[in-house]
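Trainee: One structure follows; several queries about it will come next.
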Amino acid sequence: MKKEKAKKEKKIKGFFADFKAFISRGNAVDLAVGVVIGGAFGAIVNALVNILLNLCMWGVPGGLKGLVTVLPAASPSQVPPEGYQAVYSVGEFLDKGFNATQANMYTQHGSNYYYNGLALIDWGSLINAVVSFIIIAFVLFTVIKVIGYFNKLKEEAKAKAKEEYYQKHPEERPAPVEPGKPEPTEVELLSEIRDLLKKAK
């Protein structure tokens, strides 16, 4: 009984130890940081896209959010009740003096209020999503290119420093590896060391 209990405790401790090692790994931490920064960056890009698109759509009534197409009604549920219109301008909607329940039957898109049962194509949201995607993809591409360029410079500097060191200390330069030749085994390396020690004597 005691052995089984100790075995269970050991398993639980091992599980938590593995979990701790997992969350402490650099990759997991880097991923978490990347997700947080990516979320914050996405909010900045969306705000920038909204500003740019709203400036571009300055002359369009209702701006980008007003770019909707109303599809023909395919069922009776898509038709507003008798006495109500499918679309109201902001002025008409306010003049009606709807109560909270009546007002909830409509959603504002730009400078108009549309009945919630209507089938709409929201072109503004589509354009916003496409432009956001293009900007995010371009920024990520640029960042990756810049990081790759600096990594390349770093590797070139390392290779240059190593070459300068080997020029000053040619005896430490490793022997060139012949293509296709298998790497020496441990026994072969030990034999080579033994032969070198014999020659030194």
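Each chain in the structure tokens gets a letter, A, B and so on, in the order shown; residues start at 1 in every chain, and ligands are counted from 1 in the order they appear.
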How would you write, as an NGL selection string, the set of residues in chain A that DSSP gives as strand (DSSP E)?

Mentor: :A and (68-70 or 87-89 or 106-109 or 112-115 or 120-122)

Trainee: Might you pull out every residue within 10 Å of Leu94 of chain A, with only C-alpha atoms counted and same-chain residues fewer than 5 positions away left off, and present them as a VMD selection string?

Mentor: chain A and resid 88 to 89 103

Trainee: Please dump the current selection as a PDB file, in the first residue's frame; keep C-alpha atoms.

Mentor:
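The file below, part14.pdb, is the result:
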ATOM      1  CA  TYR A  88     -34.187  54.955 -42.130  1.00  0.00           C
ATOM      2  CA  SER A  89     -31.785  57.848 -42.380  1.00  0.00           C
ATOM      3  CA  ALA A 103     -34.782  50.915 -31.617  1.00  0.00           C
TER       4      ALA A 103
END

Trainee: Show me, as a VMD selection string, the residues that have an atom within 8 Å of Lys65 of chain A when counting only C-alpha atoms, minus same-chain residues fewer than 6 positions from it.

Mentor: chain A and resid 109 to 110 122 124 to 125

Trainee: Keeping only C-alpha atoms, write those residues as a PDB file, in the first residue's frame.

Mentor:
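Listing of result-v7.pdb after writing:
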ATOM      1  CA  HIS A 109     -24.399  51.406 -40.725  1.00  0.00           C
ATOM      2  CA  GLY A 110     -22.920  54.773 -41.587  1.00  0.00           C
ATOM      3  CA  ASP A 122     -20.981  44.723 -45.398  1.00  0.00           C
ATOM      4  CA  GLY A 124     -16.831  48.295 -45.387  1.00  0.00           C
ATOM      5  CA  SER A 125     -15.828  45.456 -43.020  1.00  0.00           C
TER       6      SER A 125
END

Trainee: Residues within 7 Å of Val49 of chain A, please, as JSON, numbers by chain. Count only C-alpha atoms; anything in the same chain fewer than 4 positions from it doesn't count.

Mentor: {"A": [45, 53, 128, 131, 132]}

Trainee: Run DSSP on the backbone and give me the residues of chain A it puts in alpha helix (DSSP H), as an MDAnalysis selection string.

Mentor: chainID A and resid 2:24 26:56 90:96 100:103 123:168 186:200

Trainee: For Gly117 of chain A, work out the shell of residues within 7 Å, counting only C-alpha atoms and skipping chain neighbours fewer than 6 positions away, then give it as a list in words.

Mentor: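 Those residues are Ser77, Gln78 and Val79 of chain A.
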
Trainee: Quick one: write out the picked residues with N, CA and C atoms as a PDB file, in the first residue's frame?

Mentor:
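Wrote out.pdb, looks like this:
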ATOM      1  N   SER A  77     -39.517  36.732 -42.699  1.00  0.00           N
ATOM      2  CA  SER A  77     -38.827  37.234 -41.499  1.00  0.00           C
ATOM      3  C   SER A  77     -37.861  38.367 -41.822  1.00  0.00           C
ATOM      4  N   GLN A  78     -37.503  38.494 -43.109  1.00  0.00           N
ATOM      5  CA  GLN A  78     -36.572  39.550 -43.507  1.00  0.00           C
ATOM      6  C   GLN A  78     -37.293  40.860 -43.847  1.00  0.00           C
ATOM      7  N   VAL A  79     -38.608  40.829 -43.788  1.00  0.00           N
ATOM      8  CA  VAL A  79     -39.394  42.039 -44.077  1.00  0.00           C
ATOM      9  C   VAL A  79     -39.809  42.674 -42.752  1.00  0.00           C
TER      10      VAL A  79
END

Trainee: With only C-alpha atoms as the basis for distance, which of A:His169, A:Ile134, A:Lys160, A:Gly148 is at the shortest distance from Asn46 of chain A?

Mentor: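 Residue with the minimum atom-to-atom distance to Asn46 of chain A: A:Ile134.
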
Trainee: Which polymer residues have any atom within 6 Å of an atom of Val90 of chain A, counting only C-alpha atoms, with same-chain residues fewer than 2 positions away left out, as a CSV table (one decimal) with C-alpha atoms, in the first residue's frame?

Mentor:
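That gives us part-v6.csv:
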chain,number,residue,atom,x,y,z
A,92,GLU,CA,-35.8,59.9,-39.9
A,93,PHE,CA,-34.9,57.4,-37.2
A,111,SER,CA,-25.6,57.4,-42.0
A,112,ASN,CA,-28.6,54.9,-42.2

Trainee: Go through A:Ile121, A:Val139, A:Ala157, A:Lys145 and flag the residue nearest Phe41 of chain A, using only C-alpha atoms for the distances.

Mentor: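 Smallest distance to Phe41 of chain A is found for A:Val139.
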